[in-house]
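Beneath this line is the structure, given in structure tokens, with notes to follow.
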Amino acid sequence: MKTYLVTGGAGFIGSNHIHYLFKKYGEEIFIINVDKLTYAGNLENLKDVENLPNYRFVKADICDAEAIEALFREYDICRVVHFAAESHVDRSIKDPTVFVKTNVLGTLTLLNAAKAAWEQEDGSYLPDHRFLHVSTDEVYGSLSDPEDYFYETTKYDPHSPYSASKASSDFMVKAFMDTYHFPANITNCSNNYGPYQFPEKLIPLMLHNALNGIKLPVYGDGKNVRDWLYVEDHCKGIDMVQEQGRLFETYNIGGHNERQNIQIIHTILDSLHELLPADDPRQKLVSEDLITYVTDRKGHDRRYAIAPDKIKAEVGWYPETCFEEGIKKTIRWYFEHEDWMKNCISGDYQKYYEEMYSNR
Ligand code: NAD
Ligand code: TDX
């Protein structure tokens with residue numbers, strides 16, 4: 001039985017990954033989910049797995065070396081999938097410090113603990129023990145040439161405190177691979193969307209606002225381009241790299257699905273009209289009139305676009321869900337989980353929204 005340590009498993013992608021792993025491997029695996037439960041961590045995301053005998057949740061900070069080392073002592077962990085991070089660019093612009101703590105120091109703490117547990121006296125590592133660091137395309141910066149893409153060889157050029165902290169964590173993982181021959185991989189993925197995404201991010205925020213007749217705040221001219229991937233396709237890529245990828249390699253993950261933000265918003269509005277019953281009173285609330293152009297994000301990267309050639313060629317990964325289908329699946333999921341959204345937007349979220357959007 002393989003034992004996984006998943007960090008940040010109560011967040012958006014981490015919880016999807018835990019579902020993905022259980023669906024794929026069932027009782028063949030044991031998963032320990034370590035999460036600090038920040039504003040972004042939500043145990044509701046894991047309701048259907050919480051009582052499984054081969055699942056354990058541990059509330060801990062990845063910067064807490066003692067807590068992390070104790071887990072490596074207690075279990076023979078042979079897979080680490082490291083998601084835990086502060087992940088929102090706007091928050092990083094307001095307060096970068098926690099981004100460095102969690103994303104850089106937290107990653108180092110995990111690397112130290114895994115290395116100490118897995119390294120043998122002769123300097124080699126326990127066989128078939130692997131660490132996967134989940135990172136982002138934002139480390140590569142912004143593309144100006146429309147024909148250009150991010151490759152694994154593209155020079156790092158982070159701009160926001162978030163992407164700078166993720167770049168630093170990637171470099172720390174690289175340093176462990178290069179210096180200690182530590183068995184790891186890095187994946188750099190494009191923007192994800194799908195179930196359980198916290199409504200501070202573009203798609204769930206616009207979805208929630210549109211359904212409630214709240215303004216849709218578009219930063220700048222709305223023409224910034226992101227490359228969108230359905231979250232389950234990301235999880236599949238992570239798992240394939242961890243099982244079949246060459247150790248010490250970086251793999252970019254993305255589905256060649258570039259859209260301007262304003263196009264995304266129009267797609268959401270159109271899909272809502274299509275999916276809501278004709279007599280639903282929200283049909284009248286959902287309207288293009290809600291689109292409101294607001295002050296741009298500071299240092300706003302113009303375009304991200306991933307070249308996924310390497311992961312396709314080496315591990316045979318390909319995305320299964322096209323955007324048109326993925327956005328409808330996502331909207332249906334939010335329709336079926338109205339309470340989940342209500343819980344997210346109660347309490348601190350209102351304060352956050354006020355701070356971020358009221359004078360914009
Ligand atoms: P998220 O913000 O939804 O979840 C982050 C999780 O980490 C939360 O459950 C939170 O409680 C936990 N966490 C935060 N600080 C912690 C700490 N100090 N100790 C333990 N747990 C802590 O993030 P997400 O969107 O699911 O992103 C997951 C990972 O994937 C991140 O590393 C992010 O950089 C990367 N990524 C995200 C995207 C995307 O589009 N969302 C794209 C590419 C890469
Ligand atoms: O209210 C908004 N209005 C708006 O125009 C919000 C929240 C966003 N935007 C724009 C900014 C971006 O160009 O939409 C685009 C997407 O914004 P986010 O959802 O905040 O994502 P982004 O900044 O692109 O970063 C995301 O993708 C890469 C994730 O948050 C990161 O964790 C991931 O690494």
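Simple scheme: letters A, B, ... for chains in structure tokens order, numbers from 1 for residues in each chain, numbers from 1 for ligands in the order shown.
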Enumerate as a PyMOL selection string the residues within 6 Å of ligand 1, counting only C-alpha atoms and all ligand atoms.
chain A and resi 8-14+35-38+40-41+60-63+83-87+102+134-136+189-192
Neighbours of ligand 2 at 9 Å or closer, counting only C-alpha atoms and all ligand atoms: which residues, as a PyMOL selection string?
chain A and resi 85-90+135-139+162-163+166+188-193+199-206+216-228+260-262+264+293-294+296-297+300-304+356-357
Give me, please, the distance in Å between atom CA of Leu132 of chain A and atom CA of Val173 of chain A, quoted to one decimal.
9.3 Å
Counting only C-alpha atoms, which residue out of A:Asn257, A:Asn45, A:Asn185, A:Ser168 sits closest to Val81 of chain A?
A:Asn185
Under the rule that only C-alpha atoms are counted, which of A:Glu28, A:Asp95, A:Glu355, A:Glu249 is the nearest residue to Lys174 of chain A?
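Closest to Lys174 of chain A of all the choices is A:Glu249.
When DSSP is run on the backbone, the residues of segment 109-156 of chain A that fall into helix (DSSP H, G or I) are A:Thr109, A:Leu110, A:Leu111, A:Asn112, A:Ala113, A:Ala114, A:Lys115, A:Ala116, A:Ala117, A:Trp118, A:Asp137, A:Glu138, A:Val139, A:Tyr140.
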Those same residues, written as a CSV table (one decimal), in the first residue's frame with N, CA, C and O atoms?
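Final output, selection15.csv:
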chain,number,residue,atom,x,y,z
A,109,THR,N,10.7,23.4,4.6
A,109,THR,CA,10.5,22.5,5.8
A,109,THR,C,10.1,21.1,5.3
A,109,THR,O,10.6,20.1,5.8
A,110,LEU,N,9.2,21.0,4.3
A,110,LEU,CA,8.8,19.7,3.8
A,110,LEU,C,10.0,19.0,3.1
A,110,LEU,O,10.2,17.8,3.3
A,111,LEU,N,10.8,19.7,2.4
A,111,LEU,CA,11.9,19.1,1.7
A,111,LEU,C,12.9,18.5,2.7
A,111,LEU,O,13.4,17.4,2.6
A,112,ASN,N,13.2,19.3,3.8
A,112,ASN,CA,14.1,18.8,4.8
A,112,ASN,C,13.6,17.6,5.5
A,112,ASN,O,14.3,16.6,5.7
A,113,ALA,N,12.3,17.6,5.8
A,113,ALA,CA,11.7,16.4,6.5
A,113,ALA,C,11.7,15.2,5.6
A,113,ALA,O,12.1,14.1,6.0
A,114,ALA,N,11.4,15.3,4.3
A,114,ALA,CA,11.3,14.2,3.4
A,114,ALA,C,12.8,13.7,3.1
A,114,ALA,O,13.0,12.5,3.1
A,115,LYS,N,13.7,14.6,3.0
A,115,LYS,CA,15.1,14.2,2.7
A,115,LYS,C,15.6,13.4,3.9
A,115,LYS,O,16.2,12.3,3.8
A,116,ALA,N,15.3,13.9,5.2
A,116,ALA,CA,15.8,13.2,6.4
A,116,ALA,C,15.2,11.8,6.5
A,116,ALA,O,15.9,10.9,6.9
A,117,ALA,N,14.0,11.7,6.1
A,117,ALA,CA,13.3,10.4,6.2
A,117,ALA,C,13.7,9.4,5.1
A,117,ALA,O,13.7,8.2,5.3
A,118,TRP,N,14.0,9.9,3.9
A,118,TRP,CA,14.2,9.0,2.8
A,118,TRP,C,15.7,8.8,2.4
A,118,TRP,O,16.0,7.8,1.7
A,137,ASP,N,2.4,28.4,-13.9
A,137,ASP,CA,3.0,29.0,-15.1
A,137,ASP,C,3.4,30.5,-14.8
A,137,ASP,O,4.2,31.1,-15.6
A,138,GLU,N,2.9,31.0,-13.7
A,138,GLU,CA,3.2,32.5,-13.5
A,138,GLU,C,4.6,32.8,-13.2
A,138,GLU,O,5.1,33.9,-13.3
A,139,VAL,N,5.4,31.7,-12.9
A,139,VAL,CA,6.9,31.9,-12.6
A,139,VAL,C,7.6,32.4,-13.9
A,139,VAL,O,8.6,33.0,-13.8
A,140,TYR,N,7.0,32.1,-15.1
A,140,TYR,CA,7.6,32.4,-16.3
A,140,TYR,C,7.4,33.9,-16.7
A,140,TYR,O,7.9,34.4,-17.7
To one decimal place in Å, what is the distance between atom CA of Val104 of chain A and atom CA of Met172 of chain A?
7.8 Å
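Here atom CA of Ile18 of chain A is placed at a distance of 10.8 Å from atom CA of Glu50 of chain A.
Checking A:Glu243, A:Ile32, A:Asn343, A:Tyr180 one by one against Gln120 of chain A, counting only C-alpha atoms, you find the shortest gap at A:Tyr180.
Distance annotation: of A:Lys94, A:Ala305, A:Asp170, A:Leu52, the residue with the minimal separation from Asp145 of chain A is A:Ala305; atom set is only C-alpha atoms.
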So, with only C-alpha atoms as the atoms that count, which of A:Ile93, A:Met1, A:Leu21, A:Leu43 lies closest to Ile77 of chain A?
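Residue with the minimum atom-to-atom distance to Ile77 of chain A: A:Met1.
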Go through A:Phe171, A:Tyr318, A:Tyr75, A:Tyr353 and flag the residue nearest Ile238 of chain A, using only C-alpha atoms for the distances.
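Comparing A:Phe171, A:Tyr318, A:Tyr75, A:Tyr353 against Ile238 of chain A, the winner is A:Tyr318.
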Set the distance at 7 Å and use only C-alpha atoms: which residues neighbour Phe30 of chain A once local chain neighbours fewer than 5 positions away are removed? I'd like the list as a PyMOL selection string.
chain A and resi 1-4+54-55
Run DSSP on the backbone and tell me which residues of segment 154-323 of chain A come out as strand (DSSP E or B); list them as a PyMOL selection string.
chain A and resi 184-189+191-193+216-219+225-230+250-253+258-260+291-294+303+306
